[in-house]
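To start, the structure itself, in structure tokens.
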Amino acid sequence: MIDTQPGLPHEAADSITKPFARFLKIEAAAGGLLLAAVLLALALANSPWQEGFLGFWETPIGLTFGSLDFTRSLRHWINDGLMTLFFFVLSLELKRELVLGELRNPRQAALPFVGALGGMVVPVSLYLVLMSGQPGMHGWGTVMATDTAFVIGCLALFGRRIPPTLRLFLLSLAIFDDVGAILVVAFGYGEALNWSALGLGFLGICIVAGASRLGIRSVPVYFLLGAAVWLCFDASGVHATIAGVILGLMTPTRIWVSDARLREILGRVLAVPTGDRRQGNAASHRDLRQAGRAVTESLSPVERLEMMLHPWVGFAIMPIFALANAGITIQGVDFVQPVSLAIIVGLVLGKPIGVFGFSWIAVRSGLAALAPGLSWPFILAGSFLTGIGFTMSLLIAGLAFDRSVLNAAKLGILAGSAISAAIGILMLLLLTLLVARAGSATAAGHKVQKI
């Protein structure tokens, strides 16, 4: 039976709030799956299958063409290849928020940006002070970034009891954080530069921009161009994931088919009697194909690509990354190595001090504005959650540390992230209880006045 009931009217705000809500739901669910992958990796790395599990990620995979060798370990393909899609999706979300979402207001966009800046500067400074003159000082990048999936997963525990603006603030801050961290990774933890490959990479980016200007709209074409850009950056010595950031920020937010044109095309299709279409009417078939393309193109490329890739990133790429990188052999690890303590201090103390302090200065100076419903106690609680570094921290640790201190660094990352999560969740729990009690007291007062 065909449902003839009309749908709800479409409001302009739906194009902003619905994609944002969908992003949050996927991130919250992905956070739980990510935690399960971390626990599984830890269990296997400390089990009788330890050798096989850890050795599996070092399996060489690739192709060789004469003097060109594209053979990499499986872990490399995951960390540099699959994670490029992770940063591509984050860049899509950042651009959508900056162009179409709440961050269009410069003063509201300034708050998470400045908070993210403080969340990088202060923990890095603490780390450098604690590690001054010691092996592992080069690993300062491990305390910079915030794990988006885990932070949103923690916020999901409280449902509607926390301000929606807190979610937007922390999501935006985490994205700014991660983009800043990957820029540091690309240029601070890269290898000796191959200028020819780097030039080819930027030429590929120019070709992508030119194809967009010419009106080429085929996703497979851009996928092939993006893969070529990635290969050039991978061969250049710059960390290849920067390609995902650049291409994500280049993706257009403008729709190709307007609502009026879409209704006109669909109206033409619906006007054709069903029997004519069954009899092979060429014109009606052409209109039907055009309608299918018009429906697809009524969404911007940013929205379509985010809807297409985000579930794959959240439910496949991130758990695989955790399995490949979170396996720490606990036996024989010194729990009080300087690098572990420096990372814990950077994440647990440096991140909240930097985020809260820089945010407060930005608002007091008039540079930024607090969003409606967002208060300083909630920002403080959220600032502790930004100490959940995990994804980017593990990625940078693998680049910055040698094997002698890598496990200790990973242990510091996991411990610092867990402590930060516990403090942030506890503070949010207390705040929501206080708000609920205040609401109950206010409601009781109104009842007494009525009596």
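Chain identifiers are assigned as A, B, and so on, following the order in which chains appear in the structure tokens; residues are numbered from 1 within each chain, and ligands are numbered from 1 in order of appearance.
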Applying 10 Å and only C-alpha atoms, which residues near Gln50 of chain A remain after dropping the ones on its own chain fewer than 4 positions away? List them as an MDAnalysis selection string. chainID A and resid 41:46 54:56 327:329
Write out as an MDAnalysis selection string all residues of segment 117-283 of chain A that backbone DSSP assigns to alpha helix (DSSP H). chainID A and resid 117:130 148:156 164:188 195:214 219:236 242:250 259:270 274:278 282:283
Which residue of A:Ser404, A:Met307, A:Gly119, A:Phe113 approaches Arg22 of chain A most closely, using only C-alpha atoms: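 With only C-alpha atoms as the atom set, the closest residue is A:Met307.
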Shell around Gly248 of chain A at 12 Å using only C-alpha atoms, local window under 2 positions removed, as an MDAnalysis selection string: chainID A and resid 84:96 179 205 208:209 222:223 226 241:246 250:253 301:303 305:306 309
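Each of A:Leu183, A:Leu430, A:Ala260, A:Leu231 was compared to Gly81 of chain A using only C-alpha atoms, and A:Leu231 turns out to be the nearest.
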Restricting the calculation to only C-alpha atoms, which member of A:Gly424, A:Gly366, A:Pro372, A:Gly62 is positioned closest to Arg107 of chain A?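 Between A:Gly424, A:Gly366, A:Pro372, A:Gly62, the residue approaching Arg107 of chain A most closely is A:Gly366.
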With only C-alpha atoms as the basis for distance, which of A:Leu100, A:Val313, A:Leu380, A:Val124 is at the shortest distance from Arg254 of chain A?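 Of A:Leu100, A:Val313, A:Leu380, A:Val124, the one nearest Arg254 of chain A is A:Leu100, counting only C-alpha atoms.
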If you run DSSP on this backbone, which residues of segment 33-205 of chain A come out as strand (DSSP E), and could you give them as a list in words? Pro60, Ile61, Gly62, Leu63, Thr64, Phe65, Leu68, Asp69, Phe70, Thr71, Arg72 and Ser73 of chain A
Please write the residues from the selection above to a file, keeping C-alpha atoms, as a short mmCIF file (atom, residue, chain, number, x, y, z; two decimals), in the first residue's frame.
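Everything below was put into result_11.cif:
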```cif
data_model
loop_
_atom_site.label_atom_id
_atom_site.label_comp_id
_atom_site.auth_asym_id
_atom_site.auth_seq_id
_atom_site.Cartn_x
_atom_site.Cartn_y
_atom_site.Cartn_z
CA PRO A 60 54.84 -6.19 4.20
CA ILE A 61 52.26 -5.39 1.52
CA GLY A 62 52.71 -3.43 -1.70
CA LEU A 63 53.90 -3.27 -5.27
CA THR A 64 57.27 -2.70 -6.94
CA PHE A 65 57.69 -1.09 -10.37
CA LEU A 68 59.70 2.45 -7.52
CA ASP A 69 58.89 0.52 -4.36
CA PHE A 70 55.49 0.94 -2.72
CA THR A 71 55.90 -1.86 -0.21
CA ARG A 72 54.84 -0.89 3.30
CA SER A 73 53.91 -2.73 6.47
#
```
Ser236 of chain A proximity check over A:Gly314, A:Gly387, A:Pro319, A:Gly199, using only C-alpha atoms: winner is A:Gly199
Which residues, written as a list in words, have at least one atom at most 8 Å from Ser340 of chain A, with only C-alpha atoms counted and residues fewer than 3 positions away on the same chain left out? Phe335, Val336, Gln337, Ile343, Ile344, Ala408, Ala409, Lys410, Leu411, Gly412 and Ile413 of chain A
Distance criterion (only C-alpha atoms): nearest to Thr432 of chain A out of A:Gly389, A:Gly357, A:Gly159, A:Gly237: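 Comparing A:Gly389, A:Gly357, A:Gly159, A:Gly237 against Thr432 of chain A, the winner is A:Gly159.
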Do a neighbour search on Ala371 of chain A at 12 Å with only C-alpha atoms, toss out local chain neighbours closer than 5 positions, and write the hits as a list in words.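 Final neighbour list, sorted by chain and number: Glu102, Leu103, Asn105, Pro106, Arg107, Gln108, Ala109, Ala110, Leu111, Pro112, Pro163, Pro164, Thr165, Leu166, Arg167, Leu168, Phe169, Val363, Trp376, Phe378 and Ile379 of chain A.
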Write out the residues from the selection above, keeping C-alpha atoms, as a PDB file, in the first residue's frame.
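Writing done, so here's result.pdb:
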```pdb
ATOM      1  CA  GLU A 102      26.864  27.277  13.871  1.00  0.00           C
ATOM      2  CA  LEU A 103      30.505  28.196  13.291  1.00  0.00           C
ATOM      3  CA  ASN A 105      29.475  33.229  13.384  1.00  0.00           C
ATOM      4  CA  PRO A 106      33.158  34.262  13.688  1.00  0.00           C
ATOM      5  CA  ARG A 107      32.953  34.957  17.445  1.00  0.00           C
ATOM      6  CA  GLN A 108      31.394  31.557  18.158  1.00  0.00           C
ATOM      7  CA  ALA A 109      33.901  29.833  15.881  1.00  0.00           C
ATOM      8  CA  ALA A 110      36.708  31.644  17.702  1.00  0.00           C
ATOM      9  CA  LEU A 111      35.888  29.962  21.041  1.00  0.00           C
ATOM     10  CA  PRO A 112      36.654  26.322  20.051  1.00  0.00           C
ATOM     11  CA  PRO A 163      23.666  21.605  26.841  1.00  0.00           C
ATOM     12  CA  PRO A 164      23.706  20.822  23.080  1.00  0.00           C
ATOM     13  CA  THR A 165      26.128  23.723  22.705  1.00  0.00           C
ATOM     14  CA  LEU A 166      28.672  21.796  24.807  1.00  0.00           C
ATOM     15  CA  ARG A 167      28.636  19.005  22.207  1.00  0.00           C
ATOM     16  CA  LEU A 168      29.173  21.496  19.411  1.00  0.00           C
ATOM     17  CA  PHE A 169      31.977  23.219  21.327  1.00  0.00           C
ATOM     18  CA  VAL A 363      35.670  35.523  26.043  1.00  0.00           C
ATOM     19  CA  TRP A 376      31.862  27.891  32.488  1.00  0.00           C
ATOM     20  CA  PHE A 378      30.344  22.756  31.739  1.00  0.00           C
ATOM     21  CA  ILE A 379      33.303  24.097  29.754  1.00  0.00           C
TER      22      ILE A 379
END
```
As an exercise, work out the distance from atom CA of Val345 of chain A to atom CA of His138 of chain A in Å and give it to one decimal place. 16.2 Å
Rounded to one decimal place, report the atom CA of Ala342 of chain A-atom CA of Val122 of chain A distance in Å. 12.5 Å
So how far away is atom CA of Gly382 of chain A from atom CA of Leu429 of chain A, in Å? 11.6 Å
Residues within 9 Å of Ile26 of chain A, please, as a ChimeraX atom specification. Count only C-alpha atoms; anything in the same chain fewer than 4 positions from it doesn't count. /A:21-22,30-31,149,310-311,314-315
Can I get the selected residues back with N, CA and C atoms, as a tab-separated table (two decimals), in the first residue's frame?
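The resulting out25.tsv:
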```tsv
chain	number	residue	atom	x	y	z
A	21	ALA	N	23.38	16.11	13.92
A	21	ALA	CA	22.88	15.07	14.83
A	21	ALA	C	23.32	13.69	14.36
A	22	ARG	N	23.30	13.47	13.05
A	22	ARG	CA	23.73	12.17	12.51
A	22	ARG	C	25.20	11.93	12.80
A	30	ALA	N	30.52	4.82	17.58
A	30	ALA	CA	31.89	4.44	17.22
A	30	ALA	C	32.80	4.46	18.44
A	31	GLY	N	32.52	5.36	19.40
A	31	GLY	CA	33.32	5.41	20.63
A	31	GLY	C	33.26	4.12	21.41
A	149	ALA	N	35.85	10.61	18.75
A	149	ALA	CA	34.88	9.54	19.01
A	149	ALA	C	34.72	9.28	20.50
A	310	HIS	N	31.42	8.39	6.59
A	310	HIS	CA	31.50	8.45	8.04
A	310	HIS	C	31.22	7.11	8.73
A	311	PRO	N	30.18	6.35	8.32
A	311	PRO	CA	29.99	5.04	8.96
A	311	PRO	C	31.18	4.11	8.78
A	314	GLY	N	33.91	5.34	11.21
A	314	GLY	CA	33.59	5.10	12.61
A	314	GLY	C	33.54	3.64	13.00
A	315	PHE	N	32.99	2.80	12.12
A	315	PHE	CA	32.76	1.40	12.48
A	315	PHE	C	33.75	0.41	11.89
```
